[in-house]
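Dumped run_1.cif below, it's mmCIF, C-alpha atoms:
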data_start
loop_
_atom_site.label_atom_id
_atom_site.label_comp_id
_atom_site.auth_asym_id
_atom_site.auth_seq_id
_atom_site.Cartn_x
_atom_site.Cartn_y
_atom_site.Cartn_z
CA MET A 1 26.47 -28.63 -0.61
CA LEU A 2 25.57 -27.74 2.96
CA THR A 3 27.32 -24.47 3.69
CA LYS A 4 29.10 -23.29 6.80
CA ARG A 5 27.04 -20.61 8.52
CA ILE A 6 28.34 -17.19 9.47
CA ILE A 7 26.24 -15.86 12.34
CA ALA A 8 26.07 -12.25 13.47
CA CYS A 9 25.48 -11.73 17.18
CA LEU A 10 23.90 -8.67 18.77
CA ASP A 11 24.47 -8.12 22.48
CA VAL A 12 21.51 -6.17 23.76
CA ASP A 13 20.93 -4.37 27.05
CA GLY A 14 17.67 -2.57 27.73
CA GLY A 15 16.68 -2.72 24.07
CA ARG A 16 19.97 -1.29 22.74
CA VAL A 17 22.95 -2.98 21.09
CA VAL A 18 25.77 -2.38 23.52
CA LYS A 19 29.00 -2.97 21.62
CA GLY A 20 30.46 -0.07 19.67
CA VAL A 21 28.86 -0.04 16.28
CA GLN A 22 30.17 1.97 13.38
CA PHE A 23 27.65 1.15 10.67
CA GLU A 24 26.92 3.97 8.33
CA ASN A 25 23.55 4.64 6.72
CA LEU A 26 21.63 3.66 9.81
CA ARG A 27 19.24 6.11 11.39
CA ASP A 28 19.94 4.50 14.73
CA ALA A 29 23.04 2.33 14.99
CA GLY A 30 22.09 1.09 18.45
CA ASP A 31 18.71 -0.25 17.39
CA PRO A 32 18.75 -4.09 17.31
CA ALA A 33 15.95 -4.25 14.73
CA GLU A 34 17.81 -2.04 12.27
CA LEU A 35 21.10 -3.82 12.83
CA ALA A 36 19.57 -7.27 12.44
CA LYS A 37 18.05 -6.22 9.14
CA ALA A 38 21.35 -4.68 7.98
CA HIS A 39 23.30 -7.83 8.86
CA SER A 40 20.78 -9.96 7.00
CA ALA A 41 21.02 -7.74 3.93
CA SER A 42 24.81 -7.92 3.97
CA GLY A 43 24.86 -11.73 4.00
CA ALA A 44 24.62 -13.01 7.58
CA ASP A 45 23.23 -16.55 7.52
CA GLU A 46 21.58 -16.18 10.87
CA ILE A 47 21.10 -13.63 13.65
CA VAL A 48 21.59 -14.27 17.35
CA LEU A 49 20.34 -11.71 19.84
CA LEU A 50 21.70 -12.09 23.35
CA ASP A 51 20.02 -10.13 26.09
CA ILE A 52 22.65 -9.24 28.63
CA SER A 53 20.33 -7.12 30.78
CA ALA A 54 20.75 -8.06 34.37
CA ALA A 55 17.60 -6.37 35.55
CA HIS A 56 14.43 -8.41 35.37
CA GLU A 57 12.23 -5.38 34.62
CA ARG A 58 13.94 -5.08 31.27
CA ARG A 59 12.47 -8.37 30.03
CA ALA A 60 9.38 -6.64 28.66
CA THR A 61 11.70 -4.41 26.64
CA LEU A 62 13.40 -7.52 25.29
CA LEU A 63 10.14 -9.00 24.00
CA ASP A 64 9.36 -5.71 22.27
CA THR A 65 12.84 -5.71 20.73
CA VAL A 66 12.42 -9.29 19.51
CA ARG A 67 9.05 -8.44 18.01
CA ARG A 68 10.41 -5.42 16.15
CA ALA A 69 13.50 -7.27 14.89
CA ALA A 70 11.55 -10.37 13.82
CA ARG A 71 9.01 -8.44 11.78
CA GLN A 72 11.54 -7.69 9.04
CA LEU A 73 13.83 -10.70 9.44
CA PHE A 74 13.41 -13.70 7.16
CA ILE A 75 16.48 -15.70 8.14
CA PRO A 76 16.84 -17.83 11.29
CA PHE A 77 16.66 -15.74 14.45
CA THR A 78 17.86 -17.00 17.84
CA VAL A 79 17.22 -15.20 21.12
CA GLY A 80 19.05 -15.94 24.36
CA GLY A 81 19.77 -14.48 27.74
CA GLY A 82 17.74 -14.97 30.88
CA ILE A 83 15.43 -17.71 29.53
CA ARG A 84 14.73 -19.97 32.53
CA THR A 85 11.43 -21.71 31.90
CA LEU A 86 9.19 -23.09 29.18
CA GLU A 87 7.01 -20.00 29.71
CA ASP A 88 9.95 -17.64 29.13
CA ALA A 89 10.76 -19.53 25.94
CA ALA A 90 7.15 -19.51 24.74
CA ALA A 91 6.98 -15.73 25.16
CA VAL A 92 10.14 -15.27 23.08
CA PHE A 93 8.84 -17.65 20.37
CA SER A 94 5.52 -15.85 20.13
CA ALA A 95 7.43 -12.58 19.77
CA GLY A 96 8.96 -14.06 16.61
CA ALA A 97 12.15 -15.95 17.52
CA ASP A 98 12.83 -19.24 15.69
CA LYS A 99 15.19 -20.64 18.29
CA ILE A 100 15.98 -19.87 21.89
CA SER A 101 19.29 -20.35 23.61
CA VAL A 102 19.61 -21.48 27.21
CA ASN A 103 22.73 -21.57 29.32
CA SER A 104 22.60 -21.11 33.11
CA ALA A 105 19.04 -22.40 33.42
CA ALA A 106 19.91 -25.59 31.56
CA LEU A 107 22.89 -26.29 33.81
CA ALA A 108 20.75 -25.67 36.90
CA ASP A 109 17.89 -27.83 35.62
CA PRO A 110 18.79 -29.85 32.48
CA ALA A 111 15.17 -31.03 32.14
CA VAL A 112 14.26 -27.56 30.87
CA ILE A 113 15.96 -28.50 27.58
CA THR A 114 13.58 -31.44 27.16
CA ARG A 115 10.53 -29.42 28.15
CA ILE A 116 11.20 -26.74 25.53
CA ALA A 117 12.21 -29.30 22.87
CA GLU A 118 9.05 -31.34 23.39
CA ARG A 119 6.86 -28.29 22.86
CA PHE A 120 8.79 -26.44 20.14
CA GLY A 121 11.02 -29.11 18.59
CA SER A 122 14.73 -29.75 19.08
CA GLN A 123 15.58 -27.51 16.13
CA ALA A 124 14.37 -24.58 18.23
CA VAL A 125 16.59 -25.29 21.24
CA VAL A 126 20.19 -24.09 21.29
CA VAL A 127 22.21 -24.90 24.39
CA ALA A 128 24.88 -22.25 24.94
CA ILE A 129 28.03 -23.38 26.72
CA ASP A 130 30.59 -20.90 28.03
CA ALA A 131 33.78 -22.96 28.36
CA LYS A 132 37.06 -22.09 30.02
CA ARG A 133 40.22 -24.14 29.64
CA SER A 134 41.55 -25.67 32.84
CA ASP A 135 45.11 -24.44 33.13
CA GLY A 136 47.52 -26.20 30.81
CA THR A 137 45.16 -29.05 29.95
CA SER A 138 42.86 -30.11 27.13
CA HIS A 139 39.86 -29.94 29.43
CA TRP A 140 37.32 -27.17 29.59
CA GLU A 141 34.87 -26.32 32.34
CA ALA A 142 31.39 -24.93 31.72
CA PHE A 143 30.57 -21.60 33.38
CA THR A 144 27.24 -19.90 34.09
CA HIS A 145 25.97 -16.38 34.71
CA GLY A 146 27.90 -14.69 31.96
CA GLY A 147 31.08 -16.58 32.78
CA ARG A 148 31.19 -15.61 36.45
CA THR A 149 30.30 -18.94 38.06
CA PRO A 150 32.02 -22.28 37.45
CA ALA A 151 29.40 -24.98 36.94
CA GLY A 152 31.63 -27.89 37.93
CA ARG A 153 30.85 -29.64 34.63
CA ASP A 154 33.22 -30.68 31.87
CA ALA A 155 32.14 -28.81 28.72
CA VAL A 156 32.40 -31.84 26.41
CA VAL A 157 30.45 -34.10 28.77
CA TRP A 158 27.82 -31.40 29.25
CA ALA A 159 27.46 -30.93 25.48
CA ARG A 160 26.76 -34.66 25.11
CA GLU A 161 24.19 -34.54 27.88
CA ALA A 162 22.53 -31.49 26.32
CA GLU A 163 22.24 -33.39 23.03
CA SER A 164 20.72 -36.43 24.69
CA ARG A 165 18.19 -34.21 26.48
CA GLY A 166 16.96 -32.71 23.21
CA ALA A 167 19.20 -29.78 22.26
CA GLY A 168 19.23 -29.12 18.52
CA GLU A 169 22.49 -27.17 18.41
CA ILE A 170 25.38 -26.21 20.70
CA LEU A 171 26.58 -22.62 20.84
CA LEU A 172 30.09 -23.00 22.20
CA THR A 173 31.92 -19.92 23.46
CA SER A 174 35.56 -20.01 24.44
CA MET A 175 35.85 -17.68 27.42
CA ASP A 176 39.62 -17.66 26.97
CA ARG A 177 39.29 -16.26 23.45
CA ASP A 178 36.15 -14.12 23.74
CA GLY A 179 36.88 -10.51 22.84
CA THR A 180 40.55 -11.16 22.01
CA GLY A 181 40.34 -11.32 18.21
CA VAL A 182 43.19 -13.88 18.15
CA GLY A 183 41.08 -16.67 16.66
CA PHE A 184 38.60 -19.31 17.79
CA ASP A 185 39.70 -22.10 20.14
CA CYS A 186 39.85 -24.82 17.48
CA GLU A 187 40.89 -27.51 19.95
CA LEU A 188 37.86 -26.88 22.17
CA THR A 189 35.53 -26.66 19.18
CA ARG A 190 36.83 -29.90 17.72
CA ALA A 191 36.59 -31.72 21.05
CA VAL A 192 32.89 -30.84 21.26
CA ALA A 193 32.03 -31.11 17.54
CA ASP A 194 33.53 -34.61 17.34
CA SER A 195 31.58 -35.72 20.43
CA VAL A 196 28.05 -34.81 19.33
CA ARG A 197 25.91 -35.40 16.23
CA ILE A 198 24.18 -32.02 16.39
CA PRO A 199 25.65 -28.85 14.83
CA VAL A 200 28.19 -26.86 16.84
CA ILE A 201 28.44 -23.08 16.53
CA ALA A 202 31.90 -21.80 17.47
CA SER A 203 32.11 -18.46 19.24
CA GLY A 204 34.76 -16.26 20.83
CA GLY A 205 37.93 -14.94 19.28
CA ALA A 206 37.04 -14.08 15.68
CA GLY A 207 39.39 -11.45 14.31
CA GLY A 208 39.59 -12.17 10.59
CA ALA A 209 38.61 -14.47 7.73
CA GLN A 210 41.44 -16.93 8.40
CA HIS A 211 40.04 -17.59 11.89
CA PHE A 212 36.75 -18.73 10.36
CA VAL A 213 38.54 -20.96 7.84
CA ASP A 214 40.56 -22.49 10.69
CA VAL A 215 37.58 -23.21 12.93
CA PHE A 216 35.65 -24.83 10.07
CA ARG A 217 38.63 -26.87 8.90
CA GLU A 218 40.52 -27.64 12.12
CA GLY A 219 37.72 -27.16 14.63
CA HIS A 220 35.05 -29.08 12.65
CA ALA A 221 32.54 -26.31 13.45
CA ASP A 222 29.27 -26.23 11.51
CA ALA A 223 28.82 -22.51 12.05
CA ALA A 224 30.77 -19.63 13.54
CA LEU A 225 29.47 -16.63 15.40
CA ALA A 226 30.98 -13.21 15.91
CA ALA A 227 29.87 -9.83 17.16
CA SER A 228 32.51 -7.14 17.23
CA ILE A 229 34.18 -8.13 13.95
CA PHE A 230 30.99 -7.15 12.12
CA HIS A 231 30.68 -3.83 13.82
CA TYR A 232 32.96 -1.93 11.50
CA GLY A 233 30.68 -1.62 8.50
CA PHE A 234 28.41 -3.48 6.11
CA SER A 235 31.17 -4.43 3.74
CA ARG A 236 32.99 -6.47 6.35
CA LEU A 237 30.54 -9.37 6.28
CA VAL A 238 30.36 -9.44 2.49
CA ASP A 239 34.16 -9.41 2.18
CA LEU A 240 34.52 -11.97 4.90
CA LYS A 241 32.20 -14.48 3.23
CA GLN A 242 33.89 -14.03 -0.11
CA GLU A 243 37.30 -14.53 1.42
CA ILE A 244 36.22 -17.63 3.34
CA GLY A 245 34.61 -18.98 0.17
CA SER A 246 37.73 -18.32 -1.89
CA GLN A 247 39.66 -20.61 0.47
CA GLY A 248 37.42 -23.52 -0.42
CA ILE A 249 34.96 -23.39 2.48
CA PRO A 250 31.37 -23.69 1.21
CA VAL A 251 29.44 -20.53 2.11
CA ARG A 252 26.09 -19.13 1.03
CA TRP A 253 27.11 -16.72 -1.66
CA PRO A 254 25.54 -14.87 -3.40
CA CYS A 255 22.82 -14.64 -0.81
CA MET B 256 -8.03 -16.16 3.48
CA ILE B 257 -5.01 -18.45 3.82
CA ALA B 258 -5.35 -20.88 6.73
CA ILE B 259 -2.14 -21.67 8.61
CA VAL B 260 -3.02 -24.93 10.34
CA ASP B 261 -2.16 -25.07 14.04
CA TYR B 262 -2.01 -28.59 15.49
CA GLY B 263 0.00 -27.74 18.57
CA ALA B 264 3.40 -28.53 17.11
CA GLY B 265 6.00 -25.83 17.03
CA ASN B 266 6.00 -22.20 16.23
CA LEU B 267 3.75 -20.82 13.52
CA VAL B 268 4.58 -17.15 14.03
CA SER B 269 7.36 -17.13 11.41
CA VAL B 270 5.07 -18.38 8.66
CA LYS B 271 2.36 -15.88 9.59
CA LYS B 272 4.91 -13.08 9.67
CA ALA B 273 6.19 -13.90 6.17
CA LEU B 274 2.65 -14.06 4.72
CA ASP B 275 1.81 -10.76 6.46
CA TRP B 276 4.92 -9.25 4.90
CA LEU B 277 3.66 -10.40 1.48
CA GLY B 278 0.39 -8.60 2.18
CA GLN B 279 -1.67 -11.81 2.35
CA GLU B 280 -4.79 -12.20 4.42
CA CYS B 281 -4.02 -15.16 6.64
CA ALA B 282 -4.85 -16.63 10.03
CA ILE B 283 -3.42 -19.27 12.33
CA THR B 284 -6.26 -21.67 13.09
CA SER B 285 -6.98 -25.01 14.73
CA ASP B 286 -10.64 -24.93 13.67
CA PRO B 287 -11.52 -27.50 10.96
CA GLY B 288 -14.45 -25.30 9.89
CA GLN B 289 -12.17 -22.38 9.19
CA VAL B 290 -9.72 -24.62 7.29
CA LYS B 291 -12.57 -25.81 5.04
CA LYS B 292 -13.45 -22.20 4.18
CA ALA B 293 -9.87 -21.20 3.34
CA THR B 294 -8.79 -20.21 -0.16
CA LYS B 295 -5.38 -21.76 0.48
CA VAL B 296 -4.02 -24.03 3.22
CA VAL B 297 -0.52 -23.99 4.68
CA LEU B 298 0.58 -26.80 6.99
CA PRO B 299 3.80 -25.87 8.77
CA GLY B 300 5.51 -28.38 10.95
CA VAL B 301 8.56 -28.77 13.05
CA GLY B 302 9.58 -31.46 15.43
CA HIS B 303 8.50 -35.05 15.35
CA PHE B 304 6.38 -36.83 12.72
CA ALA B 305 4.29 -38.31 15.55
CA SER B 306 2.97 -34.80 16.32
CA THR B 307 0.92 -35.00 13.09
CA ALA B 308 -1.26 -37.62 14.79
CA ALA B 309 -3.02 -34.61 16.38
CA LEU B 310 -4.35 -33.72 12.91
CA GLY B 311 -6.35 -36.94 12.80
CA ARG B 312 -7.73 -36.58 16.34
CA SER B 313 -8.85 -32.98 15.92
CA GLY B 314 -10.74 -33.30 12.64
CA LEU B 315 -8.12 -31.17 10.88
CA GLN B 316 -7.00 -34.08 8.70
CA ASP B 317 -10.53 -34.51 7.33
CA ALA B 318 -10.79 -30.76 6.75
CA ILE B 319 -7.46 -30.71 4.88
CA ALA B 320 -8.42 -33.78 2.81
CA ASP B 321 -11.70 -32.03 1.96
CA THR B 322 -9.94 -28.86 0.72
CA ILE B 323 -7.40 -30.87 -1.26
CA GLY B 324 -10.25 -32.84 -2.83
CA ARG B 325 -11.83 -29.57 -3.96
CA GLY B 326 -8.56 -28.37 -5.53
CA VAL B 327 -7.74 -25.74 -2.90
CA PRO B 328 -3.98 -25.07 -3.11
CA PHE B 329 -2.07 -26.75 -0.28
CA LEU B 330 1.48 -26.13 0.93
CA GLY B 331 3.19 -28.45 3.42
CA ILE B 332 6.37 -27.15 5.06
CA CYS B 333 9.05 -29.42 6.61
CA VAL B 334 7.21 -32.10 8.62
CA GLY B 335 4.08 -30.69 6.92
CA MET B 336 5.53 -31.87 3.60
CA GLN B 337 6.62 -35.23 5.01
CA TRP B 338 3.05 -35.78 6.22
CA MET B 339 1.85 -35.60 2.60
CA PHE B 340 3.61 -38.97 2.04
CA GLU B 341 2.33 -42.34 3.20
CA GLN B 342 4.54 -42.66 6.25
CA SER B 343 7.86 -41.89 7.90
CA GLN B 344 10.48 -44.07 9.54
CA GLU B 345 10.46 -41.50 12.34
CA SER B 346 7.08 -42.79 13.56
CA PRO B 347 5.96 -45.87 11.63
CA GLU B 348 2.74 -46.14 13.66
CA THR B 349 1.61 -42.65 12.55
CA PRO B 350 0.16 -42.71 9.03
CA GLY B 351 0.73 -39.75 6.73
CA LEU B 352 -2.02 -38.23 4.59
CA GLY B 353 -0.79 -40.40 1.72
CA VAL B 354 -1.52 -38.00 -1.15
CA LEU B 355 2.04 -38.64 -2.33
CA THR B 356 3.57 -42.09 -2.68
CA GLY B 357 6.55 -43.14 -0.60
CA GLU B 358 8.06 -43.20 2.84
CA CYS B 359 10.23 -40.58 4.55
CA GLU B 360 13.54 -42.00 5.74
CA ARG B 361 16.42 -41.06 8.03
CA PHE B 362 19.75 -39.69 6.79
CA PRO B 363 22.55 -42.22 6.36
CA ALA B 364 25.03 -42.51 9.25
CA SER B 365 27.75 -41.02 7.02
CA VAL B 366 26.45 -37.47 7.63
CA LYS B 367 25.60 -35.49 10.76
CA SER B 368 21.91 -35.43 11.54
CA PRO B 369 19.90 -33.21 11.76
CA HIS B 370 20.68 -31.49 8.48
CA VAL B 371 20.79 -27.87 9.63
CA GLY B 372 21.72 -24.86 7.57
CA TRP B 373 21.71 -23.37 4.10
CA ASN B 374 21.92 -25.84 1.26
CA GLN B 375 21.43 -25.58 -2.48
CA LEU B 376 18.45 -26.55 -4.58
CA GLU B 377 18.55 -28.21 -7.94
CA VAL B 378 15.37 -26.82 -9.46
CA LYS B 379 13.30 -28.38 -12.25
CA PRO B 380 12.23 -25.61 -14.62
CA SER B 381 8.68 -26.96 -14.86
CA SER B 382 7.84 -26.02 -11.25
CA ARG B 383 5.17 -23.37 -10.65
CA LEU B 384 6.09 -23.06 -6.97
CA LEU B 385 9.74 -22.40 -7.79
CA SER B 386 9.10 -20.20 -10.80
CA GLY B 387 11.84 -17.56 -11.03
CA VAL B 388 14.00 -19.29 -8.42
CA PRO B 389 17.50 -19.84 -9.81
CA SER B 390 18.68 -23.45 -9.85
CA SER B 391 21.36 -23.72 -7.13
CA ALA B 392 19.59 -21.13 -4.96
CA PHE B 393 20.28 -21.44 -1.22
CA VAL B 394 17.47 -22.20 1.24
CA TYR B 395 17.41 -23.00 4.97
CA PHE B 396 16.84 -26.57 6.16
CA THR B 397 16.47 -28.11 9.59
CA HIS B 398 15.33 -31.76 9.65
CA SER B 399 16.34 -35.31 10.59
CA PHE B 400 14.20 -37.23 8.09
CA ARG B 401 13.73 -36.75 4.38
CA ALA B 402 11.49 -37.66 1.50
CA PRO B 403 12.92 -39.70 -1.37
CA VAL B 404 13.21 -38.33 -4.88
CA ALA B 405 10.05 -39.19 -6.84
CA ASP B 406 8.24 -38.13 -10.00
CA THR B 407 6.58 -35.33 -8.01
CA THR B 408 9.98 -33.89 -7.01
CA VAL B 409 10.55 -30.38 -8.43
CA ALA B 410 13.75 -29.62 -6.52
CA CYS B 411 16.44 -31.93 -5.17
CA CYS B 412 19.01 -31.29 -2.51
CA GLU B 413 22.23 -33.17 -1.77
CA TYR B 414 23.14 -34.24 1.76
CA GLY B 415 24.24 -37.83 2.24
CA GLY B 416 22.60 -38.51 -1.13
CA GLN B 417 19.81 -36.73 -2.97
CA PHE B 418 16.39 -36.13 -1.46
CA SER B 419 13.23 -34.18 -2.29
CA ALA B 420 13.57 -30.53 -1.30
CA ALA B 421 10.29 -29.60 -3.02
CA VAL B 422 7.39 -31.59 -4.43
CA GLU B 423 4.49 -30.52 -6.60
CA ARG B 424 1.47 -32.16 -8.19
CA ASP B 425 -1.57 -30.23 -9.43
CA GLN B 426 -2.55 -27.95 -6.51
CA LEU B 427 -0.41 -29.84 -3.99
CA PHE B 428 2.93 -28.36 -2.97
CA GLY B 429 5.49 -29.29 -0.36
CA VAL B 430 8.87 -27.95 0.71
CA GLN B 431 11.32 -29.65 3.08
CA PHE B 432 13.12 -26.35 3.72
CA HIS B 433 11.71 -23.29 5.49
CA PRO B 434 10.74 -20.66 2.91
CA GLU B 435 9.80 -18.30 5.75
CA LYS B 436 13.46 -18.45 6.89
CA SER B 437 15.16 -18.50 3.49
CA GLY B 438 15.56 -14.77 2.85
CA GLU B 439 14.47 -13.22 -0.45
CA ILE B 440 14.38 -16.62 -2.22
CA GLY B 441 12.00 -17.98 0.40
CA LEU B 442 9.70 -14.97 0.15
CA LYS B 443 9.67 -15.41 -3.63
CA ILE B 444 8.56 -19.05 -3.21
CA LEU B 445 5.81 -18.12 -0.73
CA GLY B 446 4.75 -15.34 -3.09
CA ASN B 447 4.50 -17.89 -5.93
CA PHE B 448 2.27 -20.10 -3.78
CA CYS B 449 0.06 -17.14 -2.88
CA ALA B 450 -0.30 -16.30 -6.59
CA ILE B 451 -1.45 -19.82 -7.58
#
Let me see the structure of the file written as structure tokens.
Amino acid sequence: MLTKRIIACLDVDGGRVVKGVQFENLRDAGDPAELAKAHSASGADEIVLLDISAAHERRATLLDTVRRAARQLFIPFTVGGGIRTLEDAAAVFSAGADKISVNSAALADPAVITRIAERFGSQAVVVAIDAKRSDGTSHWEAFTHGGRTPAGRDAVVWAREAESRGAGEILLTSMDRDGTGVGFDCELTRAVADSVRIPVIASGGAGGAQHFVDVFREGHADAALAASIFHYGFSRLVDLKQEIGSQGIPVRWPC
Amino acid sequence: MIAIVDYGAGNLVSVKKALDWLGQECAITSDPGQVKKATKVVLPGVGHFASTAALGRSGLQDAIADTIGRGVPFLGICVGMQWMFEQSQESPETPGLGVLTGECERFPASVKSPHVGWNQLEVKPSSRLLSGVPSSAFVYFTHSFRAPVADTTVACCEYGGQFSAAVERDQLFGVQFHPEKSGEIGLKILGNFCAI
């Protein structure tokens, strides 16, 4: 049976993982390459590395980070953050990424999705959507630039357009839930997942195993991504997958 | 030297990286001459079946057919495996190599397509490629078309019905999943191919 994917996300700035990490047995807990490998060994189904560096001069550092992380990583590896052109994407692919994720650049110029998909295949193109609920409604607006700028696009409509332009997956982050640990926005996830044929990765709000079960069952997500929940030790991911599996959700276990 | 055939479709770095990790001498090449000299040939592939038309135009198809004819071990991955069949519904005007009988088909409308993620194999014990791989092992798939189950099938997978996850005949091998992205199990499978 096709399993639901649990994806570990690393937020990286200037070549260092920025969120507080409390892994033991790591020589360098801020090193993305070491953390990616550790997450893979403890059962992550996929790794996403998001470069949150604002400064352009740090891009060379990113490529070096991707190269070092990819060398020892034999599960799917997605890299996002600051990819604007086919050339940016090509550089990240040749450094060893399997997929790239685009957000602001795709909203500014949706044709970039098609350009990258035509060269590298749709399976390599993830369109990331940062969505914020319009007050008191069941509508969500897409935001760009790390959630600072409203894009004036309905998130569900934009997800459909991204699919038709060649996106292979949607990485859907609820800005309302991100960092809260109160659970994924299942209503948002379901609205998007039921509107497209491509897989939807839910993100934002993970605080425990039940949240994953809920977003798979109620939200119809194909995968769920989290960052901070995994930053409390290796055993967390292992326990989490077992607990999700014990509730009847198909997960890859043993890995 | 293992030749990783580059025909301009997709990203070959992952396959190279996995073979490097296994300590294999390998090179990404688009030169038919180099393919003919290889001790083993790997044809990766992502994207659209129509992209394999470039193999015919560039002389790579003839080079691959030549190596297969001489019994050089061949491994097709994803679209590379689909190309071993006669054709695909994805691009009916693009012929496959036709060393395996049958046509690749789309998934039924009852399931989401593409099929993306980790799914389980049902391994036939006779397989050399999958030697030591537990039946029900998880591997990573990402594809919209699939090869039917045939007598060359050595592993099935279930998604909107059963399809061929791995095929094998003599020195010909094909996998629909991505062994280079399938963790320890995938490295084991690539290692088996390298040891043939």
Inset, instruction - Can you work out the spacing between CA of Lys99 (chain A) and CA of Ser437 (chain B) in Å, to one decimal? - result: 15.0 Å
Inset, instruction - May I have the residues within 9 Å of Thr65 (chain A) as a PyMOL selection string, using only C-alpha atoms and disregarding those fewer than 2 positions away in the same chain? - result: chain A and resi 15-16+31-33+60-63+67-70+95
Inset, instruction - May I have the residues of chain B within 7 Å of chain A, counting only C-alpha atoms, written as a ChimeraX atom specification? - result: /B:264-266,268-269,272,301-302,367-369,372-375,393,397,413-414,435-438
Legend entry - For Ala193 (chain A): contacts at 9 Å, all atoms listed in the file, fewer than 5 positions along chain excluded, given as a list of chain:residue names: A:Val156, A:Ile170, A:Leu188, A:Ile198, A:Pro199, A:Val200, A:Ile201, A:Gly219, A:His220, A:Ala221, A:Asp222
Inset, instruction - Quick one: pull the distance between CA of Ala206 (chain A) and CA of Ala8 (chain A), Å, one decimal. - result: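 If I compute the distance from CA of Ala206 (chain A) to CA of Ala8 (chain A), I get 11.3 Å.
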Legend entry - Nearest to Leu10 (chain A) by atom-to-atom distance, counting only C-alpha atoms, from A:Leu240, A:Lys132, A:Glu163, A:Ser228: A:Ser228
Inset, instruction - Excluding Ala450 (chain B) and any residue of its chain fewer than 3 positions from it, enumerate the residues within 10 Å of it, using all atoms listed in the file, and give them as an NGL selection string. - result: :B and (383-384 or 444-447)
Can you pull out the residues contacting region 361-366 of chain B? Cut-off 7 Å, using all atoms listed in the file, and skip same-chain residues under 3 positions away; I want them as a short mmCIF file (atom, residue, chain, number, x, y, z; two decimals) with C-alpha atoms, in the coordinates of the input.
data_model
loop_
_atom_site.label_atom_id
_atom_site.label_comp_id
_atom_site.auth_asym_id
_atom_site.auth_seq_id
_atom_site.Cartn_x
_atom_site.Cartn_y
_atom_site.Cartn_z
CA GLN B 344 10.48 -44.07 9.54
CA SER B 399 16.34 -35.31 10.59
CA PHE B 400 14.20 -37.23 8.09
CA ARG B 401 13.73 -36.75 4.38
CA GLY B 415 24.24 -37.83 2.24
#
Legend entry - Expansion of the PyMOL selection byres ((chain B and resi 380) around 12) into residues, as a PyMOL selection string: chain B and resi 376-379+381-391+408-410
Inset, instruction - Write out as a PyMOL selection string which residues come within 8 Å of Val297 (chain B) when counting all atoms listed in the file, dropping same-chain ones fewer than 6 positions away. - result: chain B and resi 257-260+329-332
Legend entry - Minimum-distance residue to Arg424 (chain B), chosen among B:Trp338, B:Lys291, B:Ser313, B:Ile323 (using all atoms listed in the file): B:Ile323
Inset, instruction - Dig up all the protein and nucleic acid residues within 10 Å of (-0.4, -11.1, 0.7) in the file frame, using all atoms listed in the file, and format them as a PyMOL selection string. - result: chain B and resi 256-257+273-281+445-446+449-450
Inset, instruction - To one decimal in Å, tell me the separation between CA of Val394 (chain B) and CA of Gly300 (chain B). - result: 16.6 Å
Inset, instruction - Starting from the shown file, work through the PyMOL selection byres ((chain A and resi 214) around 12) and note down what comes out as a PyMOL selection string. - result: chain A and resi 182-187+189-190+202+205-213+215-224+244+247-249
Inset, instruction - Kindly indicate which residue among A:Ala38, A:Val127, A:Leu171, A:Val12 lies nearest to Ser53 (chain A), using all atoms listed in the file for the distances. - result: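 Counting all atoms listed in the file, the residue closest to Ser53 (chain A) is A:Val12.
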Exactly which residues make up the result of the PyMOL selection byres ((chain B and resi 351) around 6) on this file, given as a PDB file with C-alpha atoms, keeping the file's coordinate frame?
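Written file, selection-v9.pdb:
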ATOM      1  CA  TRP B 338       3.050 -35.780   6.220  1.00  0.00           C
ATOM      2  CA  MET B 339       1.850 -35.600   2.600  1.00  0.00           C
ATOM      3  CA  PHE B 340       3.610 -38.970   2.040  1.00  0.00           C
ATOM      4  CA  GLU B 341       2.330 -42.340   3.200  1.00  0.00           C
ATOM      5  CA  GLN B 342       4.540 -42.660   6.250  1.00  0.00           C
ATOM      6  CA  PRO B 350       0.160 -42.710   9.030  1.00  0.00           C
ATOM      7  CA  LEU B 352      -2.020 -38.230   4.590  1.00  0.00           C
ATOM      8  CA  GLY B 353      -0.790 -40.400   1.720  1.00  0.00           C
TER       9      GLY B 353
END
Repair of region 205-210 of chain A at the level of N, CA and C atoms, as an mmCIF file, keeping the file's coordinate frame:
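Wrote it out as part.cif, contents follow:
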data_model
loop_
_atom_site.group_PDB
_atom_site.id
_atom_site.type_symbol
_atom_site.label_atom_id
_atom_site.label_comp_id
_atom_site.auth_asym_id
_atom_site.auth_seq_id
_atom_site.Cartn_x
_atom_site.Cartn_y
_atom_site.Cartn_z
ATOM 1 N N GLY A 205 36.580 -15.070 19.795
ATOM 2 C CA GLY A 205 37.930 -14.940 19.280
ATOM 3 C C GLY A 205 38.065 -14.524 17.831
ATOM 4 N N ALA A 206 36.945 -14.403 17.099
ATOM 5 C CA ALA A 206 37.040 -14.080 15.680
ATOM 6 C C ALA A 206 37.697 -12.720 15.463
ATOM 7 N N GLY A 207 38.733 -12.706 14.611
ATOM 8 C CA GLY A 207 39.390 -11.450 14.310
ATOM 9 C C GLY A 207 39.579 -11.239 12.813
ATOM 10 N N GLY A 208 39.419 -12.297 12.030
ATOM 11 C CA GLY A 208 39.590 -12.170 10.590
ATOM 12 C C GLY A 208 39.148 -13.430 9.876
ATOM 13 N N ALA A 209 39.147 -13.369 8.541
ATOM 14 C CA ALA A 209 38.610 -14.470 7.730
ATOM 15 C C ALA A 209 39.342 -15.788 8.005
ATOM 16 N N GLN A 210 40.667 -15.702 8.200
ATOM 17 C CA GLN A 210 41.440 -16.930 8.400
ATOM 18 C C GLN A 210 40.964 -17.684 9.649
#
